[in-house]
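Colleague: Have a look at this one.
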There are 2 protein chains.
Amino acid sequence: MSLQTKYLLNESQMPKFWYNIQADLPSPAPAVLHPGTLQPVGPDDLAPLFPMELIMQEVSTEREIEIPEPVRDVYRAWRPAPLYRAHRLEKALGTPAKIFYKYEGVSPAGSHKPNTAVAQAFYHKKAGVKRLTTETGAGQWGTALSYAGALFGLQVEIYQVRVSYDQKPYRRAVMETYGARCVASPSNETVYGRSVLAKTPDHPGSLGIAISEAVEMAVQREDTKYALGSVLNHVLLHQTIIGLEAMEQMQMADAWPDVVLACAGGGSNFAGLAFPFIGDGLRGGQKPRIVAVEPAACPSLTRGKYAYDFGDTGRMTPLSKMHTLGSQFTPPGFHAGGLRYHGMAPLVSHLKELGLLEAVAYNQVECFEAGVLFARNEGIVPAPEANHAIKGAIEEALRCKREGKSETILFNLSGHGHFDMVAYQKYFAGELSDESYDEKELAASLAGLPSVPA
Amino acid sequence: MSLQTKYLLNESQMPKFWYNIQADLPSPAPAVLHPGTLQPVGPDDLAPLFPMELIMQEVSTEREIEIPEPVRDVYRAWRPAPLYRAHRLEKALGTPAKIFYKYEGVSPAGSHKPNTAVAQAFYHKKAGVKRLTTETGAGQWGTALSYAGALFGLQVEIYQVRVSYDQKPYRRAVMETYGARCVASPSNETVYGRSVLAKTPDHPGSLGIAISEAVEMAVQREDTKYALGSVLNHVLLHQTIIGLEAMEQMQMADAWPDVVLACAGGGSNFAGLAFPFIGDGLRGGQKPRIVAVEPAACPSLTRGKYAYDFGDTGRMTPLSKMHTLGSQFTPPGFHAGGLRYHGMAPLVSHLKELGLLEAVAYNQVECFEAGVLFARNEGIVPAPEANHAIKGAIEEALRCKREGKSETILFNLSGHGHFDMVAYQKYFAGELSDESYDEKELAASLAGLPSVPA
C-alpha cells in the first residue's frame, strides 16, 4: 500500500538564494506611484514604512538575492518543507494524472507566511527598528509575524479585523502567546480608525481599514515600521523558497509539472510556488501551465480591473497597477479569510497581462468538499484558502481522466486548517453557503478607482 | 544567532522495530485479571476487543517487535520526527544545562497519538475488522484514530466526553473531517450510558464512562473492535519509536541525557520517550534520571495507590495493577484533558515501584506560564499536556543553574496546542486557576477499590 511518497531535502539542499522574477520579465511591471504626486515613488518615499534593504529588494532586478544566514537559521526549524505525491487521492479520483503537493503547513505558524515574516523581522531588526505594526484578517499573517517578532525580539502590534477579533479569539490567543498585542480594527487608536467608527460605530472592519491603521501607526512613531504579509514584490520574493525547493524535489521524484496551481488572495503563496517555474520557462526551460485559483466571492484576477489602485481603504498607501475590485470593495464574509483582499499582487497581475498565467475561481462549498476529500485520503486537514488550490488540482486531475492524459500536477498546500475548524463544522452542519458580492457594489467600487493619467 | 538546532534523521534511519521493555525487566509486571474470576486473563478473554496480533504484543517478552512495512509507510508522512536543541530557552533561563526536546506535534493529528493509532488500525484491518470504537476526552486520541481509520478504510466511532463534545466543537470537526462519527458520552446508544443518564440526565461525562460505552459497543458487534489510546502495553510499545529516534538523534548531537522527562496521563508519550532509555540502562548502558510529570489535579503516580483497579467507570474492563485514584474518581476540569485519567499505565506503575523512575506534579497555571515562555523562545505553541513536561524541564534547568551543573536534559514535546487556544486565552485573561480535587472524594474513591486476594 503506497499511501503517500514524501520527498524531503537535506538541510544542505535548502536554497541559499531567493529567486527574483524581475530579472527575467520580458517587460518591467508598471511603476508604483506616490498617492499625492502620482509620480513614481523613490526609495525615500517608502523609508517611513520599510527598512532600506527591503525597499531595495522591492525594485531589484538581480536574479538571485541571498538569504541571510540568520534567516536560514530560523527557516531550518521547519524547512526544507516536504513535497508529497498524492497516490491515494489519485486513486480516489481514478485519474491517470500524477498529483504532487508542496506542504507549507509544517511551519510553527501553520502556513507559508513565516517565509517572509522571518525575513522581514530580520531586516527590520538589523535596521534598528523596535516595533512592527501590521494588519491581519483571519490571523495567519498576524500569527506568522508574531512568531518572527518573538524570535528577533521585536514588539509586534496587530490590527485585526474586528469581526475576526471577536469571532476567532483562539487565533488571537496564538498571537498573544507569541507576545504580540492585538487591537480590534477599526480602533480608537488611530485617526483613520476613529473616523470610521464615527460614521459606523459597530463597523465589522476589513483588511483595507486595518492596513490604513497599521500604516498610520508606523508612520507616526520613529522606532516603528510596518510589515505586509502579501502583495509587495519583496514578500513574493521571500516566498520563492517554496518553488525553489519544489523544483529540486520534483527532480528527486524524476518528474516535472505540466500544471502548477496555488490559491491566490494577495498572491504570495501562489507566486512563491509559481515564479521559479515561470522564470525557468522564461529562460528557455519547460513552460508548465500556471493556474491561480481564487474565490468566486472575491475574484480580483477573473473579475477585477487591471488599474492603478490603493492598497488600503484609507487611501494612504502608494498606488500600484494591479487587478483590483476597488479599494472600497468589501468582500463577503466567506471562510478563506486569507483570500479576502480587493487587489492582487502587482507582479502577479503583470504576469497575467503578459499571458504567463491563467486564473479560475471557485465557490466556497465546492472547495470545502474538495478539502474533505483530500483530508480523508492524504491525512492532512487543509486551511480553507488551500482548499481552493486542492479544488483546482482535482479539476485538472478529472480533466486528465476525461482526456486520458497522465499529466503531472503540482499544487501548493499553503497551510493546515487547525485554526479553521469552525468553518468545517459549519460545512458538515450544512450551514455553509456560496457567499457572493453585490454586483452593484462591485460596479460602484470599480467606478471609484483613482484616476491616473496614462 | 543560533536559535535552535534541529537534528533530523533520514527516512532510512527510521527505526524498523519497536522496543519492548518487557524483555529487560528485572521482574515481570503483575498479571492482568479477569473482572469476574479474578484469574489472570488469557488471550481469548481479550479477543472480543482486540485482534490477536495486538494481544500477543500485550504479553510478548521479545525485545524487538518489527514495525510492519505498511505502518512504516504511513509513519513516513511525518517521521522521523525532529529533535531540537533549545538554545534560546537555555539562554532565557540563564542555565548551564543543555535542553533538548523531541517534537511529536509534526504528525497530521498534531500529537504523538498517531504512532499507535496507525499501528492499531493496521492490525485491526488485517484481522478483518470493519469498525473501531474508542473514547476521547479533549480529542487528541480521537483525532489520531480518525486519521488512521481514514487511511486504512475503517469506520471509527468515538465516544467523546460530553463536556468536550459541547465545548470543543472544532476538535469534533477534525474527527468528522476524517470521516469519524462522534457521539456525546454518556449517550443513549449503550446500556451503560443509559444507566448513567437515568441517574444524572445532564451528566458531563468522563473518560472512564466513555471507555465503558466504547467497550460495550465493541463487544456487542461482530465486525467491531475497540482501540485504546494509552495505558496498555501494546500502546506503550508503539510509542517507543519516539525514544528510539531520540537516541539516534542524541548521538548525532554528540550528547546523552542526564534527565529524561515527559508528561504522564495514561503514560504513553512518557513511556514512548523513556522506555528505550530505561531499557538501555537495564542492559548496562547509562542510567539517566527518568521523570514523569503529572498534573497536581490528577496525580495518580504521586498520590494514587498501587493496586488492582478497573480501567473504566462501568467496571467492564479487566483489572490491572497500577497507580490509581480509583475508577470512580472524577478529576476536576483542568485544561490538559489528555492527563485526566484515574490510572497510570501498568508498566509505568511497575517501573515506579521498581525505583526506575521518579514522578513530580505541577499545577496548571505554572505549567501554562512555562508553555508561554517556551513558545516565545522556541516558536512552538505547546499543548497543555506538553506544558507539564516543559515545566518539569525548566525546573531541572533551574536546578542545574543553582548547582552550577551543565547537565543534559531531554523532554518530549508531545503535541502542539493549536486546538487548545481557548485555554491559553483564559490564561491571558487571568481566568485560569489551579483546579484541585476534593480530598474526601479521593479517599472515598480509593476506599472503593476492588478487593483482590493477594
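To be explicit about the labels: the chains of the C-alpha cells are called A, B, and onward in the order shown, and within each one the residues are counted from 1, while ligands get numbers from 1 in the order they are shown.
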Please extract the residues of segment 99-330 of chain B with a backbone DSSP assignment of alpha helix (DSSP H) and present them as a ChimeraX atom specification.

Modeller: /B:114-126,140-152,162-167,169-177,191-199,207-220,233-239,241-252,268-282,300-303

Colleague: Show me, as a PDB file with N, CA and C atoms, in the first residue's frame, the residues that have an atom within 12 Å of Glu353 of chain A when counting only C-alpha atoms, minus same-chain residues fewer than 6 positions from it.

Modeller:
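Result file result-v4.pdb:
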```
ATOM      1  N   PRO A  26       9.891  39.858 -19.536  1.00  0.00           N
ATOM      2  CA  PRO A  26      10.040  40.440 -20.887  1.00  0.00           C
ATOM      3  C   PRO A  26       9.826  41.955 -20.878  1.00  0.00           C
ATOM      4  N   SER A  27       9.033  42.454 -19.945  1.00  0.00           N
ATOM      5  CA  SER A  27       8.891  43.907 -19.767  1.00  0.00           C
ATOM      6  C   SER A  27       8.678  44.155 -18.286  1.00  0.00           C
ATOM      7  N   PRO A  28       9.185  45.286 -17.777  1.00  0.00           N
ATOM      8  CA  PRO A  28       9.057  45.506 -16.331  1.00  0.00           C
ATOM      9  C   PRO A  28       7.611  45.829 -15.942  1.00  0.00           C
ATOM     10  N   ALA A  29       7.286  45.561 -14.681  1.00  0.00           N
ATOM     11  CA  ALA A  29       5.953  45.904 -14.185  1.00  0.00           C
ATOM     12  C   ALA A  29       5.839  47.423 -14.104  1.00  0.00           C
ATOM     13  N   PRO A  30       4.616  47.962 -14.262  1.00  0.00           N
ATOM     14  CA  PRO A  30       4.431  49.417 -14.179  1.00  0.00           C
ATOM     15  C   PRO A  30       4.911  49.968 -12.839  1.00  0.00           C
ATOM     16  N   LEU A 301      -8.565  38.586  -9.962  1.00  0.00           N
ATOM     17  CA  LEU A 301      -7.927  38.257 -11.251  1.00  0.00           C
ATOM     18  C   LEU A 301      -8.938  37.968 -12.348  1.00  0.00           C
ATOM     19  N   THR A 302     -10.072  37.348 -11.974  1.00  0.00           N
ATOM     20  CA  THR A 302     -11.033  36.939 -13.007  1.00  0.00           C
ATOM     21  C   THR A 302     -12.117  37.980 -13.258  1.00  0.00           C
ATOM     22  N   LYS A 305     -10.475  44.808 -12.374  1.00  0.00           N
ATOM     23  CA  LYS A 305      -9.959  45.645 -13.436  1.00  0.00           C
ATOM     24  C   LYS A 305      -8.448  45.783 -13.239  1.00  0.00           C
ATOM     25  N   TYR A 306      -7.683  45.778 -14.327  1.00  0.00           N
ATOM     26  CA  TYR A 306      -6.233  45.998 -14.219  1.00  0.00           C
ATOM     27  C   TYR A 306      -6.006  47.494 -14.255  1.00  0.00           C
ATOM     28  N   ALA A 307      -5.788  48.077 -13.097  1.00  0.00           N
ATOM     29  CA  ALA A 307      -5.759  49.545 -12.990  1.00  0.00           C
ATOM     30  C   ALA A 307      -4.957  49.948 -11.768  1.00  0.00           C
ATOM     31  N   LYS A 321      -0.366  49.330  -9.924  1.00  0.00           N
ATOM     32  CA  LYS A 321      -1.207  48.804 -11.005  1.00  0.00           C
ATOM     33  C   LYS A 321      -1.415  47.316 -10.747  1.00  0.00           C
ATOM     34  N   MET A 322      -2.663  46.943 -10.625  1.00  0.00           N
ATOM     35  CA  MET A 322      -2.964  45.550 -10.261  1.00  0.00           C
ATOM     36  C   MET A 322      -4.397  45.217 -10.659  1.00  0.00           C
ATOM     37  N   HIS A 323      -4.708  43.934 -10.649  1.00  0.00           N
ATOM     38  CA  HIS A 323      -6.098  43.528 -10.796  1.00  0.00           C
ATOM     39  C   HIS A 323      -6.797  43.819  -9.473  1.00  0.00           C
ATOM     40  N   PRO A 346       0.906  43.216  -7.653  1.00  0.00           N
ATOM     41  CA  PRO A 346       1.235  43.815  -8.951  1.00  0.00           C
ATOM     42  C   PRO A 346       2.043  42.899  -9.861  1.00  0.00           C
ATOM     43  N   LEU A 347       2.986  42.141  -9.309  1.00  0.00           N
ATOM     44  CA  LEU A 347       3.776  41.253 -10.168  1.00  0.00           C
ATOM     45  C   LEU A 347       2.919  40.127 -10.735  1.00  0.00           C
ATOM     46  N   ALA A 359      -6.174  32.184 -14.630  1.00  0.00           N
ATOM     47  CA  ALA A 359      -6.869  32.263 -13.346  1.00  0.00           C
ATOM     48  C   ALA A 359      -8.246  31.632 -13.453  1.00  0.00           C
TER      49      ALA A 359
END
```

Colleague: For Arg194 of chain A, find every residue with an atom within 12 Å (counting only C-alpha atoms), except residues of its own chain fewer than 6 positions away, and show them as a PyMOL selection string.

Modeller: chain A and resi 185-188+200-203+209+212-213+314

Colleague: Since we have the selection now, will you write its residues out, keeping N, CA and C atoms, as a PDB file, in the first residue's frame?

Modeller:
```pdb
ATOM      1  N   SER A 185      -9.789  46.228  14.863  1.00  0.00           N
ATOM      2  CA  SER A 185      -9.832  47.326  13.887  1.00  0.00           C
ATOM      3  C   SER A 185     -11.182  47.352  13.186  1.00  0.00           C
ATOM      4  N   PRO A 186     -11.822  48.514  13.025  1.00  0.00           N
ATOM      5  CA  PRO A 186     -11.365  49.863  13.342  1.00  0.00           C
ATOM      6  C   PRO A 186     -11.272  50.098  14.846  1.00  0.00           C
ATOM      7  N   SER A 187     -10.211  50.862  15.224  1.00  0.00           N
ATOM      8  CA  SER A 187      -9.938  51.104  16.633  1.00  0.00           C
ATOM      9  C   SER A 187      -9.975  52.593  16.930  1.00  0.00           C
ATOM     10  N   ASN A 188      -9.934  52.903  18.205  1.00  0.00           N
ATOM     11  CA  ASN A 188      -9.836  54.305  18.616  1.00  0.00           C
ATOM     12  C   ASN A 188      -8.389  54.774  18.697  1.00  0.00           C
ATOM     13  N   THR A 200     -19.628  54.739  11.568  1.00  0.00           N
ATOM     14  CA  THR A 200     -20.255  53.432  11.790  1.00  0.00           C
ATOM     15  C   THR A 200     -19.683  52.810  13.069  1.00  0.00           C
ATOM     16  N   PRO A 201     -20.306  53.105  14.215  1.00  0.00           N
ATOM     17  CA  PRO A 201     -19.729  52.655  15.499  1.00  0.00           C
ATOM     18  C   PRO A 201     -19.548  51.143  15.606  1.00  0.00           C
ATOM     19  N   ASP A 202     -20.416  50.374  14.927  1.00  0.00           N
ATOM     20  CA  ASP A 202     -20.276  48.915  15.035  1.00  0.00           C
ATOM     21  C   ASP A 202     -19.676  48.318  13.759  1.00  0.00           C
ATOM     22  N   HIS A 203     -18.793  49.073  13.111  1.00  0.00           N
ATOM     23  CA  HIS A 203     -18.180  48.600  11.853  1.00  0.00           C
ATOM     24  C   HIS A 203     -17.444  47.276  12.080  1.00  0.00           C
ATOM     25  N   ILE A 209      -9.103  48.566   5.884  1.00  0.00           N
ATOM     26  CA  ILE A 209      -9.122  49.506   7.006  1.00  0.00           C
ATOM     27  C   ILE A 209      -7.973  49.209   7.973  1.00  0.00           C
ATOM     28  N   SER A 212      -4.763  50.552   6.750  1.00  0.00           N
ATOM     29  CA  SER A 212      -4.672  52.005   6.965  1.00  0.00           C
ATOM     30  C   SER A 212      -4.248  52.298   8.401  1.00  0.00           C
ATOM     31  N   GLU A 213      -4.818  51.610   9.348  1.00  0.00           N
ATOM     32  CA  GLU A 213      -4.483  51.859  10.758  1.00  0.00           C
ATOM     33  C   GLU A 213      -3.033  51.486  11.061  1.00  0.00           C
ATOM     34  N   GLY A 314      -8.184  53.454   3.461  1.00  0.00           N
ATOM     35  CA  GLY A 314      -7.976  54.849   3.849  1.00  0.00           C
ATOM     36  C   GLY A 314      -7.158  55.656   2.853  1.00  0.00           C
TER      37      GLY A 314
END
```

Colleague: Rounded to one decimal place, report the atom CA of Leu33 of chain A-atom CA of Val293 of chain A distance in Å.

Modeller: 28.1 Å

Colleague: Counting only C-alpha atoms, which of A:Val129, A:Ala375, A:Ala443, A:Val235 gets nearest to chain B?

Modeller: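 Looking at the shortest contact to chain B, the residue is A:Ala375.
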
Colleague: Can you pull out the residues contacting Ala444 of chain B? Cut-off 12 Å, using only C-alpha atoms, and skip same-chain residues under 6 positions away; I want them as number ranges by chain.

Modeller: B: 325-330, 438

Colleague: If you count only C-alpha atoms, which residues fall within 10 Å of Ala23 of chain B, apart from same-chain ones fewer than 6 positions away, as a list in words?

Modeller: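 Answer for this query is Ser60, Thr61, Glu62, Arg63, Glu64 and Gly279 of chain B.
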
Colleague: For the atom pair atom CA of Pro332 of chain B and atom CA of Ile390 of chain B, what is the interatomic distance in Å to one decimal place?

Modeller: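 One can read the atom CA of Pro332 of chain B to atom CA of Ile390 of chain B distance as 21.7 Å.
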
Colleague: From the set B:Pro276, B:Pro35, B:Gly149, B:Pro51, which residue has the shortest atom-to-atom contact distance to chain A, counting only C-alpha atoms?

Modeller: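 Checking each candidate against chain A, we get B:Gly149 as the closest.
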